[in-house]
Amino acid sequence: MNRLNMALVVAVLAVAIYFSTISPASMQSMQSTFMSLLSPFFRTGSAVQENIGSVGRRLQTLDELEVENKKLSVENRELRAENNLLNELEVENNRLRMSLDFRERSSFKLMPARIISRDSSTWWNTIRVNRGFEDGVEADMPVVTDLGVVGKTTTVSKNEAIVVLITDETCRIAAKIDGTREQGIITGVRIQEKATEGLLQMNFLSKSAKISPSQQVLTAGVAHGSFPPGLVIGRIKEFRLRALDGQAIVEPAVNLASVEDVFVLIGKK
């Protein structure tokens, strides 16, 4: 046995003999002192453990918040979609209510019809509706909404009819300017530039006519004409002087690009 090992054995024996000779009170005092020296390390370990547990709880809370946020986001999108649908239904109900009221107030027999197709080009502006001669529809019958004139029927089949719109060049309507003696012929304008798209022209007005923007244009109701008097066509947008007459540019009362439901005027009540 080398000297180092012998020294360690002697030291251990000496410590053992020392502890065997001290009193229980001294041993308890030494244990208390030893625990006091180690207690800061125990507290530090406990604090570290508590911090680790707190971080774990916070991470769990963040995960729960993310899940809840995604759930709320989905619910928000669903609520927006439902709200948009309700708004559309309200608009549709209001529109149908106004149409029904117009039909009841009108002095004419009005056949409700729905637009099923459109044909809009440089040369033709027509729509097709779901009413035909089986419903009492004939050619050259006025087609209107509660806002004003849409056009007139042309080709009629059993359950469908083609309607030429007032914006078409071939649709000619005898018209008058409300509040004046001025009368003329309303026709569509061939689309040559964006500024004239969807507008009407009223020709054969007198050059001395006192016409101002926003005046209302109505059907004149001439003999053997398709349109009875007093139907709204639109409002004056501009008045121009030409070599032989005056010409008014008229904005239609009905938005023909968005209209969906119309009435065919099939006679008097």
# chains A, B, ... in the order shown; residues from 1 in each chain; ligands from 1
$ select_by_dssp --residues "stretch 59-247 of chain A" --states "helix (DSSP H, G or I)" --output "PyMOL selection string"
chain A and resi 59-105+133-135+194-196
$ write_last_selection --atoms "C-alpha atoms" --output "JSON list (two decimals), in the first residue's frame"
[["chain", "number", "residue", "atom", "x", "y", "z"],
["A", 59, "LEU", "CA", -46.15, 27.87, -23.46],
["A", 60, "GLN", "CA", -49.30, 25.83, -22.90],
["A", 61, "THR", "CA", -51.31, 29.04, -22.49],
["A", 62, "LEU", "CA", -49.90, 30.45, -25.76],
["A", 63, "ASP", "CA", -50.87, 27.26, -27.60],
["A", 64, "GLU", "CA", -54.38, 27.49, -26.18],
["A", 65, "LEU", "CA", -54.61, 31.17, -27.19],
["A", 66, "GLU", "CA", -53.49, 30.35, -30.74],
["A", 67, "VAL", "CA", -56.14, 27.62, -31.04],
["A", 68, "GLU", "CA", -58.78, 29.99, -29.64],
["A", 69, "ASN", "CA", -57.67, 32.75, -32.02],
["A", 70, "LYS", "CA", -58.01, 30.44, -35.03],
["A", 71, "LYS", "CA", -61.46, 29.38, -33.83],
["A", 72, "LEU", "CA", -62.57, 33.00, -33.39],
["A", 73, "SER", "CA", -61.18, 33.89, -36.84],
["A", 74, "VAL", "CA", -63.25, 31.12, -38.47],
["A", 75, "GLU", "CA", -66.37, 32.20, -36.56],
["A", 76, "ASN", "CA", -65.77, 35.82, -37.61],
["A", 77, "ARG", "CA", -65.61, 34.84, -41.29],
["A", 78, "GLU", "CA", -68.79, 32.80, -40.92],
["A", 79, "LEU", "CA", -70.59, 35.72, -39.27],
["A", 80, "ARG", "CA", -69.47, 38.10, -42.05],
["A", 81, "ALA", "CA", -70.74, 35.67, -44.70],
["A", 82, "GLU", "CA", -74.08, 35.34, -42.90],
["A", 83, "ASN", "CA", -74.33, 39.12, -42.56],
["A", 84, "ASN", "CA", -73.65, 39.63, -46.28],
["A", 85, "LEU", "CA", -76.30, 37.03, -47.12],
["A", 86, "LEU", "CA", -78.84, 38.73, -44.85],
["A", 87, "ASN", "CA", -78.07, 42.10, -46.46],
["A", 88, "GLU", "CA", -78.59, 40.61, -49.93],
["A", 89, "LEU", "CA", -81.87, 39.04, -48.83],
["A", 90, "GLU", "CA", -83.02, 42.36, -47.39],
["A", 91, "VAL", "CA", -82.21, 44.14, -50.66],
["A", 92, "GLU", "CA", -84.01, 41.41, -52.62],
["A", 93, "ASN", "CA", -87.08, 41.63, -50.37],
["A", 94, "ASN", "CA", -87.20, 45.42, -50.67],
["A", 95, "ARG", "CA", -86.90, 45.20, -54.45],
["A", 96, "LEU", "CA", -89.68, 42.61, -54.71],
["A", 97, "ARG", "CA", -91.87, 44.62, -52.34],
["A", 98, "MET", "CA", -91.43, 47.74, -54.49],
["A", 99, "SER", "CA", -92.20, 45.76, -57.65],
["A", 100, "LEU", "CA", -95.33, 44.29, -56.10],
["A", 101, "ASP", "CA", -96.48, 47.73, -54.97],
["A", 102, "PHE", "CA", -95.85, 49.11, -58.48],
["A", 103, "ARG", "CA", -97.87, 46.29, -60.02],
["A", 104, "GLU", "CA", -100.81, 46.91, -57.68],
["A", 105, "ARG", "CA", -100.77, 50.67, -58.28],
["A", 133, "PHE", "CA", -97.36, 33.81, -76.06],
["A", 134, "GLU", "CA", -98.61, 31.09, -73.70],
["A", 135, "ASP", "CA", -98.56, 33.81, -71.00],
["A", 194, "LYS", "CA", -67.14, 55.26, -73.68],
["A", 195, "ALA", "CA", -68.88, 58.55, -72.93],
["A", 196, "THR", "CA", -72.00, 57.57, -74.93]]
$ residues_around --residues "A:Glu260" --least-positions-apart "3" --cutoff "10 Å" --atoms "only C-alpha atoms" --output "ChimeraX atom specification"
/A:113-117,129,145,256-257
$ closest_residue --among "A:Val156, A:Ile249, A:Ile185, A:Val259" --to "A:Gly221" --atoms "only C-alpha atoms"
A:Ile185
